[in-house]
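> Following this line is model-v8.txt, made up of compact mmCIF, C-alpha atoms:
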```
# COMPACT_ATOMS: atom_id res chain seq x y z
CA MET O 23 140.72 111.66 78.12
CA ASN O 24 143.82 110.33 79.86
CA LYS O 25 146.98 110.18 77.81
CA ASN O 26 148.22 107.03 79.56
CA LEU O 27 145.30 104.97 78.32
CA SER O 28 145.70 102.62 75.38
CA THR O 29 143.82 103.35 72.17
CA GLU O 30 141.62 100.34 72.86
CA ALA O 31 140.74 101.66 76.31
CA LYS O 32 140.06 105.12 74.93
CA TYR O 33 137.65 103.62 72.43
CA PHE O 34 135.93 101.72 75.19
CA VAL O 35 135.45 104.87 77.26
CA TRP O 36 134.25 106.72 74.17
CA ILE O 37 131.73 103.97 73.39
CA TYR O 38 130.62 103.91 77.01
CA SER O 39 129.97 107.67 76.92
CA ILE O 40 127.70 107.10 73.92
CA LEU O 41 125.97 104.11 75.52
CA LEU O 42 125.09 106.32 78.46
CA LEU O 43 122.31 107.61 76.23
CA ALA O 44 120.42 104.51 77.36
CA TYR O 45 119.89 106.23 80.73
CA PRO O 46 117.27 108.95 81.22
CA ARG O 47 118.49 112.46 80.51
CA GLU O 48 118.27 113.67 84.12
CA PHE O 49 120.26 110.71 85.36
CA ARG O 50 122.85 111.23 82.65
CA ARG O 51 123.21 114.88 83.48
CA GLU O 52 123.57 114.20 87.18
CA TYR O 53 125.85 111.17 87.11
CA GLY O 54 127.05 110.69 83.52
CA PRO O 55 130.42 112.49 83.88
CA GLU O 56 131.10 110.65 87.13
CA MET O 57 130.25 107.31 85.57
CA VAL O 58 132.66 107.95 82.72
CA ARG O 59 135.25 109.07 85.25
CA LEU O 60 134.69 105.85 87.20
CA VAL O 61 135.16 103.71 84.10
CA LEU O 62 138.36 105.63 83.33
CA ASP O 63 139.63 104.95 86.84
CA CYS O 64 138.77 101.26 86.50
CA GLN O 65 140.61 101.13 83.19
CA ARG O 66 143.67 102.63 84.76
CA ASP O 67 143.67 99.96 87.44
CA THR O 68 143.48 96.99 85.09
CA TYR O 69 146.79 95.82 83.74
CA THR O 70 146.10 92.67 81.75
CA ILE O 71 144.06 92.31 78.60
CA SER O 72 141.85 89.61 80.12
CA ALA O 73 141.11 91.78 83.17
CA ARG O 74 140.26 94.66 80.87
CA ARG O 75 137.93 92.50 78.82
CA ARG O 76 136.21 91.31 82.00
CA LEU O 77 135.80 94.92 83.04
CA TRP O 78 134.22 95.84 79.71
CA LEU O 79 131.87 92.91 79.85
CA ARG O 80 130.88 93.70 83.42
CA THR O 81 130.36 97.37 82.59
CA PHE O 82 128.27 96.49 79.57
CA PHE O 83 126.05 94.06 81.49
CA ASP O 84 125.69 96.60 84.27
CA LEU O 85 124.45 99.13 81.74
CA VAL O 86 122.01 96.64 80.19
CA ARG O 87 120.67 95.79 83.63
CA THR O 88 120.43 99.25 85.16
CA ALA O 89 119.46 101.52 82.24
CA PRO O 90 115.94 100.02 81.84
CA ARG O 91 115.49 100.23 85.61
CA GLU O 92 116.38 103.93 85.62
CA ARG O 93 114.07 104.52 82.67
CA LEU O 94 111.26 102.76 84.52
CA ASN O 95 111.92 104.75 87.70
CA ASN O 96 111.91 107.89 85.64
CA LEU O 97 108.54 106.99 84.17
CA ARG O 98 107.17 106.24 87.61
CA GLN O 99 108.29 109.61 88.86
CA GLU O 100 106.35 111.41 86.15
CA ASN O 101 103.41 113.32 87.54
CA LYS O 102 100.56 111.36 89.09
CA LEU O 103 98.04 112.27 86.41
CA MET O 104 100.20 110.71 83.73
CA ARG O 105 100.66 107.63 85.86
CA LYS O 106 96.89 107.26 86.20
CA LEU O 107 96.29 108.02 82.57
CA HIS O 108 98.81 105.55 81.24
CA PRO O 109 96.88 102.28 81.77
CA ASN O 110 93.65 103.98 80.72
CA LEU O 111 95.26 105.23 77.53
CA VAL O 112 96.43 101.71 76.76
CA ALA O 113 92.90 100.39 77.31
CA ILE O 114 91.33 103.12 75.18
CA GLY O 115 93.95 102.56 72.48
CA GLY O 116 93.17 98.83 72.53
CA CYS O 117 89.44 99.51 72.10
CA VAL O 118 90.09 101.91 69.24
CA LEU O 119 92.25 99.29 67.54
CA LEU O 120 89.52 96.68 67.96
CA ILE O 121 86.91 99.03 66.50
CA LEU O 122 89.21 99.80 63.58
CA ALA O 123 89.79 96.09 62.97
CA ALA O 124 86.05 95.50 63.03
CA MET O 125 85.48 98.43 60.67
CA LEU O 126 88.01 97.06 58.22
CA LEU O 127 86.37 93.65 58.40
CA LEU O 128 82.98 95.21 57.83
CA ASN O 129 84.21 97.29 54.94
CA TYR O 130 85.93 94.30 53.34
CA GLY O 131 82.82 92.19 53.63
CA ARG O 132 80.66 94.85 52.00
CA SER O 133 83.00 95.92 49.22
CA HIS O 134 83.84 92.37 48.18
CA GLN O 135 80.27 91.27 48.64
CA VAL O 136 81.37 88.46 50.91
CA PRO O 137 78.37 86.77 52.42
CA SER O 138 78.03 87.32 56.14
CA ILE O 139 80.24 84.75 57.85
CA LEU O 140 78.11 84.21 60.91
CA LEU O 141 74.81 84.74 59.13
CA PHE O 142 74.05 87.72 61.40
CA GLY O 143 74.86 90.41 58.86
CA HIS O 144 78.13 92.26 58.44
CA VAL O 145 77.64 94.66 61.38
CA LEU O 146 76.97 91.84 63.80
CA ASP O 147 79.82 89.80 62.38
CA ALA O 148 82.11 92.70 63.16
CA VAL O 149 80.63 93.11 66.63
CA VAL O 150 81.01 89.39 67.34
CA PHE O 151 84.58 89.57 66.08
CA THR O 152 85.46 92.51 68.35
CA GLY O 153 83.67 90.91 71.27
CA VAL O 154 85.42 87.55 70.95
CA VAL O 155 88.89 88.95 70.22
CA GLY O 156 88.54 91.66 72.88
CA ASN O 157 87.37 89.20 75.50
CA VAL O 158 90.16 86.76 74.70
CA ILE O 159 92.70 89.58 75.12
CA VAL O 160 91.14 90.70 78.40
CA PHE O 161 90.94 87.12 79.62
CA LEU O 162 94.61 86.56 78.90
CA LEU O 163 95.52 89.83 80.62
CA VAL O 164 93.39 89.09 83.65
CA LYS O 165 94.66 85.52 83.90
CA LEU O 166 97.59 86.54 86.05
CA THR O 167 95.80 89.12 88.17
CA ARG O 168 93.52 88.79 91.16
CA LEU O 169 90.61 90.92 90.04
CA ARG O 170 87.06 90.04 90.94
CA PRO O 171 85.39 87.99 88.17
CA LEU O 172 82.04 89.83 88.15
CA ARG O 173 83.69 93.24 87.96
CA VAL O 174 86.04 92.08 85.21
CA ALA O 175 83.24 90.49 83.21
CA PHE O 176 81.09 93.60 83.60
CA TRP O 177 83.73 96.12 82.53
CA THR O 178 84.88 93.87 79.72
CA PHE O 179 81.31 93.58 78.55
CA LEU O 180 80.85 97.34 78.63
CA ILE O 181 84.17 98.40 77.14
CA VAL O 182 85.08 95.58 74.81
CA THR O 183 81.66 94.60 73.55
CA LEU O 184 79.06 97.31 74.05
CA VAL O 185 81.11 100.39 73.12
CA PRO O 186 82.45 98.94 69.83
CA ALA O 187 78.95 97.65 69.05
CA LEU O 188 77.43 101.09 69.51
CA ALA O 189 80.22 102.71 67.53
CA LEU O 190 79.84 100.23 64.70
CA THR O 191 76.08 100.54 64.58
CA LEU O 192 76.31 104.33 64.50
CA ILE O 193 79.12 104.46 61.94
CA ALA O 194 78.07 101.60 59.72
CA GLY O 195 74.36 102.40 59.75
CA ALA O 196 71.53 100.03 60.38
CA ASP O 197 72.00 96.49 59.16
CA PRO O 198 68.78 94.96 57.86
CA LYS O 199 69.71 91.62 59.36
CA ILE O 200 69.97 93.01 62.89
CA ASN O 201 67.31 91.47 65.05
CA ALA O 202 67.03 93.26 68.40
CA PRO O 203 65.84 90.29 70.53
CA ARG O 204 68.58 88.06 69.07
CA VAL O 205 71.19 90.73 69.77
CA VAL O 206 70.06 91.01 73.40
CA VAL O 207 70.17 87.22 73.79
CA GLY O 208 73.62 87.24 72.18
CA TYR O 209 74.84 89.83 74.66
CA VAL O 210 73.45 87.92 77.65
CA VAL O 211 74.99 84.66 76.43
CA SER O 212 78.31 86.37 75.77
CA PHE O 213 78.29 88.02 79.21
CA MET O 214 77.40 84.76 80.97
CA PHE O 215 80.04 82.86 79.05
CA TRP O 216 82.87 85.28 79.86
CA TYR O 217 81.69 85.75 83.45
CA GLY O 218 81.73 81.96 83.82
CA LEU O 219 85.22 81.78 82.41
CA HIS O 220 86.53 84.54 84.74
CA TRP O 221 84.76 82.94 87.68
CA LEU O 222 86.22 79.50 86.93
CA TRP O 223 89.66 80.98 86.57
CA SER O 224 89.45 82.93 89.83
CA ASN O 225 88.26 79.77 91.66
CA LYS O 226 91.14 77.85 90.17
CA LEU O 227 93.53 80.53 91.42
CA LYS O 228 92.03 80.42 94.93
CA ALA O 229 92.22 76.62 94.99
CA SER O 230 95.87 76.62 93.96
CA GLU O 231 96.65 79.21 96.67
CA THR O 232 95.13 77.10 99.43
CA VAL O 233 97.15 74.01 98.49
CA MET S 10 119.15 117.70 102.53
CA LYS S 11 115.93 115.76 102.61
CA VAL S 12 114.62 115.25 106.12
CA PRO S 13 113.51 111.61 106.43
CA THR S 14 110.01 111.16 107.75
CA ARG S 15 110.08 107.37 107.72
CA ARG S 16 111.39 104.89 110.28
CA PRO S 17 114.64 103.04 109.47
CA GLU S 18 112.79 99.70 109.52
CA GLU S 19 110.65 100.82 106.60
CA PHE S 20 113.71 100.69 104.35
CA LEU S 21 114.50 97.08 105.14
CA PRO S 22 115.59 94.85 103.62
CA LEU S 23 118.13 96.93 101.76
CA THR S 24 119.44 95.75 98.43
CA PRO S 25 122.94 94.23 98.70
CA ALA S 26 124.37 97.13 96.68
CA MET S 27 122.83 99.72 99.00
CA PHE S 28 124.04 97.96 102.11
CA HIS S 29 127.55 97.67 100.70
CA ILE S 30 127.61 101.37 99.87
CA LEU S 31 126.39 102.29 103.34
CA LEU S 32 129.08 100.05 104.84
CA ALA S 33 131.71 101.71 102.67
CA LEU S 34 130.62 105.13 103.88
CA ALA S 35 130.25 104.11 107.52
CA ASP S 36 133.79 105.08 108.49
CA LYS S 37 134.51 107.99 106.17
CA GLU S 38 133.32 109.97 103.18
CA ARG S 39 134.31 108.62 99.79
CA HIS S 40 133.83 109.31 96.11
CA GLY S 41 132.28 106.80 93.69
CA TYR S 42 135.44 105.02 92.64
CA HIS S 43 136.63 104.85 96.23
CA ILE S 44 133.33 103.24 97.27
CA MET S 45 133.67 100.72 94.45
CA ARG S 46 137.22 99.82 95.48
CA GLU S 47 136.33 99.54 99.15
CA VAL S 48 133.47 97.11 98.39
CA ASP S 49 135.69 95.11 96.06
CA GLU S 50 138.47 94.80 98.66
CA ARG S 51 136.17 94.11 101.59
CA THR S 52 134.42 91.28 99.76
CA ASN S 53 137.65 89.86 98.29
CA GLY S 54 136.45 90.73 94.80
CA ASN S 55 133.16 88.87 95.16
CA VAL S 56 131.05 92.00 94.84
CA LYS S 57 131.86 94.36 92.01
CA LEU S 58 129.58 97.35 91.71
CA GLY S 59 129.14 98.57 88.16
CA PRO S 60 128.77 102.31 87.45
CA GLY S 61 125.02 102.02 86.82
CA THR S 62 124.38 100.03 89.99
CA LEU S 63 126.57 102.35 92.05
CA TYR S 64 125.14 105.65 90.88
CA GLY S 65 121.59 104.31 90.66
CA SER S 66 121.84 103.30 94.32
CA ILE S 67 123.51 106.59 95.25
CA LYS S 68 120.71 108.50 93.58
CA ARG S 69 118.03 106.58 95.49
CA MET S 70 119.84 106.82 98.80
CA MET S 71 120.34 110.56 98.38
CA ALA S 72 116.63 110.94 97.63
CA ASP S 73 115.79 108.94 100.78
CA GLY S 74 118.20 110.94 102.91
CA LEU S 75 120.50 107.99 103.71
CA ILE S 76 123.58 109.66 102.28
CA GLU S 77 124.50 113.19 101.30
CA GLU S 78 126.99 114.86 99.05
CA LEU S 79 129.76 116.87 100.59
CA GLU S 80 129.64 120.52 99.62
CA GLU S 81 133.36 121.06 99.82
CA ARG S 82 135.45 119.70 96.98
CA PRO S 83 138.90 118.07 97.38
CA ASP S 84 142.08 120.04 96.98
CA PRO S 85 142.78 120.10 93.20
CA GLU S 86 146.39 119.19 93.88
CA LEU S 87 145.45 116.08 95.81
CA ASP S 88 142.49 114.83 93.82
CA ASP S 89 140.31 115.61 90.82
CA GLU S 90 138.09 118.45 91.98
CA ARG S 91 135.27 117.19 89.75
CA ARG S 92 134.87 114.17 91.99
CA ARG S 93 131.87 114.19 94.24
CA TYR S 94 132.24 112.88 97.75
CA TYR S 95 129.43 111.22 99.66
CA ARG S 96 128.90 110.59 103.34
CA LEU S 97 126.44 108.79 105.54
CA THR S 98 123.73 110.86 107.24
CA ASP S 99 122.60 110.13 110.80
CA PHE S 100 119.49 108.55 109.37
CA GLY S 101 121.58 106.49 106.93
CA PHE S 102 123.63 105.27 109.87
CA ARG S 103 120.46 104.16 111.66
CA VAL S 104 119.18 102.38 108.56
CA ALA S 105 122.52 100.59 108.03
CA SER S 106 122.53 99.63 111.69
CA ALA S 107 118.96 98.28 111.49
CA GLU S 108 119.89 96.24 108.41
CA ALA S 109 123.00 94.87 110.14
CA GLN S 110 120.85 93.81 113.10
CA ARG S 111 118.36 92.15 110.76
CA LEU S 112 121.13 90.23 109.05
CA GLU S 113 122.65 89.29 112.40
CA GLN S 114 119.30 87.89 113.48
CA MET S 115 119.12 85.83 110.29
CA VAL S 116 122.63 84.51 110.80
CA ARG S 117 121.70 83.58 114.36
CA SER S 118 118.68 81.66 113.07
CA ALA S 119 120.81 79.92 110.44
CA ARG S 120 123.27 78.94 113.14
CA ALA S 121 120.48 77.59 115.35
CA LYS S 122 119.34 75.45 112.41
CA LYS S 123 122.91 74.19 112.04
CA LEU S 124 123.34 75.78 108.63
CA LEU S 125 126.46 77.47 109.93
CA PRO S 126 129.18 76.16 112.26
CA ARG S 127 129.06 77.48 115.82
CA THR S 128 131.61 80.17 116.64
CA LYS S 129 134.32 79.28 119.12
CA ALA S 130 132.99 81.80 121.61
CA GLY S 131 129.42 80.48 121.30
```
Once more with this new file: its structure as structure tokens, please.

Amino acid sequence: MNKNLSTEAKYFVWIYSILLLAYPREFRREYGPEMVRLVLDCQRDTYTISARRRLWLRTFFDLVRTAPRERLNNLRQENKLMRKLHPNLVAIGGCVLLILAAMLLLNYGRSHQVPSILLFGHVLDAVVFTGVVGNVIVFLLVKLTRLRPLRVAFWTFLIVTLVPALALTLIAGADPKINAPRVVVGYVVSFMFWYGLHWLWSNKLKASETV
Amino acid sequence: MKVPTRRPEEFLPLTPAMFHILLALADKERHGYHIMREVDERTNGNVKLGPGTLYGSIKRMMADGLIEELEERPDPELDDERRRYYRLTDFGFRVASAEAQRLEQMVRSARAKKLLPRTKAG
């Protein structure tokens, strides 16, 4: 480090070299030394304390602004398979979390001998819970996108409602209160309700775009 | 060096930082700090490129073939030999030129709408 620099400036450059860890490793390796060199040069060219403080502030904000961008670019440049897998992994993770939440609810209800909340039996309570919570999450996520309502409702129905229901039924065993015709009606009503909601939302979006 | 397969127009509009860097390199090769100083002086201190913005843009422009790094290093007696010098490629020159024309067109439109005063010549 340059001998002409003040102790304060040396500290700043030292801190900056550590803060460079915010950038991805490849970027740091390629440009890190040059960036530190640049900051050193800038330090040398500032003569007043206020100018130096402005430089530090500017450098810090630049780092805060550009480091996440470089990290994001780095993620995007990962191989294509990972890029495709990423959203799917999030979706699968979300489903697993929902199933776990439903399992916990089911287990709690049974072990504490809590009467079934919705009068459908504990398994169906858990299924209804996952269905409603899952659909609300999907609805909120889809709110800002332009996906087709039928497709969204269908995939939501399959992934958020049917898969957890099957998993719960298999894991938790048969619930004596399960009534097949009622379950089917429940699924149809649920599907129609969420399809209606997605459809209304997409129409609202279209209407606001034409204004 | 990466051989660009895209047309210059596909890169437009450039980000202000990228355009400033291309402008700085339009007349001669420079290292990072030199680019930063040139932009600062040319814009009367209105545009100050931070290290992250500068090297992030340099990285992208190198990947797109707009600029390239000089292989030869400066004389150690004249400058720090660790410095890396960059220069505009022919393609980078075409992209910068296309962006300048785009901006000129916009300025012309703004002038026609009386957002800018007419030049003495016009």
> Skip Gly65 of chain S itself and residues of its chain fewer than 4 positions away, then list as JSON, numbers by chain all residues within 8 Å of it, counting only C-alpha atoms.
{"O": [88, 92], "S": [61, 69]}
> What residues in chain O have any atom no more than 10 Å from chain S when counting only C-alpha atoms, and can you write them as a PyMOL selection string?
chain O and resi 42+45+49+52-64+77+80-89+91-92
> Let me see the file: selected residues, C-alpha atoms, as a CSV table (one decimal), in the frame of the given file.

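Okay, part37.csv is ready:
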```
chain,number,residue,atom,x,y,z
O,42,LEU,CA,125.1,106.3,78.5
O,45,TYR,CA,119.9,106.2,80.7
O,49,PHE,CA,120.3,110.7,85.4
O,52,GLU,CA,123.6,114.2,87.2
O,53,TYR,CA,125.8,111.2,87.1
O,54,GLY,CA,127.0,110.7,83.5
O,55,PRO,CA,130.4,112.5,83.9
O,56,GLU,CA,131.1,110.6,87.1
O,57,MET,CA,130.2,107.3,85.6
O,58,VAL,CA,132.7,108.0,82.7
O,59,ARG,CA,135.2,109.1,85.2
O,60,LEU,CA,134.7,105.8,87.2
O,61,VAL,CA,135.2,103.7,84.1
O,62,LEU,CA,138.4,105.6,83.3
O,63,ASP,CA,139.6,105.0,86.8
O,64,CYS,CA,138.8,101.3,86.5
O,77,LEU,CA,135.8,94.9,83.0
O,80,ARG,CA,130.9,93.7,83.4
O,81,THR,CA,130.4,97.4,82.6
O,82,PHE,CA,128.3,96.5,79.6
O,83,PHE,CA,126.0,94.1,81.5
O,84,ASP,CA,125.7,96.6,84.3
O,85,LEU,CA,124.4,99.1,81.7
O,86,VAL,CA,122.0,96.6,80.2
O,87,ARG,CA,120.7,95.8,83.6
O,88,THR,CA,120.4,99.2,85.2
O,89,ALA,CA,119.5,101.5,82.2
O,91,ARG,CA,115.5,100.2,85.6
O,92,GLU,CA,116.4,103.9,85.6
```
> One decimal, in Å: what's the spacing between atom CA of Asn96 of chain O and atom CA of Ile30 of chain S?
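These two atoms are separated by 22.2 Å.
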> When you draw a straight line from atom CA of Glu50 of chain S to atom CA of Ala33 of chain S, how long is it in Å?
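Distance reported for this atom pair: 10.5 Å.
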> S:Arg15, S:Ala105, S:Val48, S:Gly74: which is nearest Leu31 of chain S, counting all atoms listed in the file?
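Checking each candidate against Leu31 of chain S, we get S:Ala105 as the closest.
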> Using Å and a single decimal, report how far atom CA of Arg51 of chain O sits from atom CA of Tyr33 of chain O.
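Computing it gives 21.4 Å between the two atoms.
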> Could you give me the centre and size, in Å to one decimal, of an axis-aligned box around all listed atoms of segment 61-77 of chain S with 5 Å added on every side, as AutoDock Vina command-line options?

```
--center_x 121.2 --center_y 106.6 --center_z 95.3 --size_x 20.8 --size_y 23.2 --size_z 26.9
```
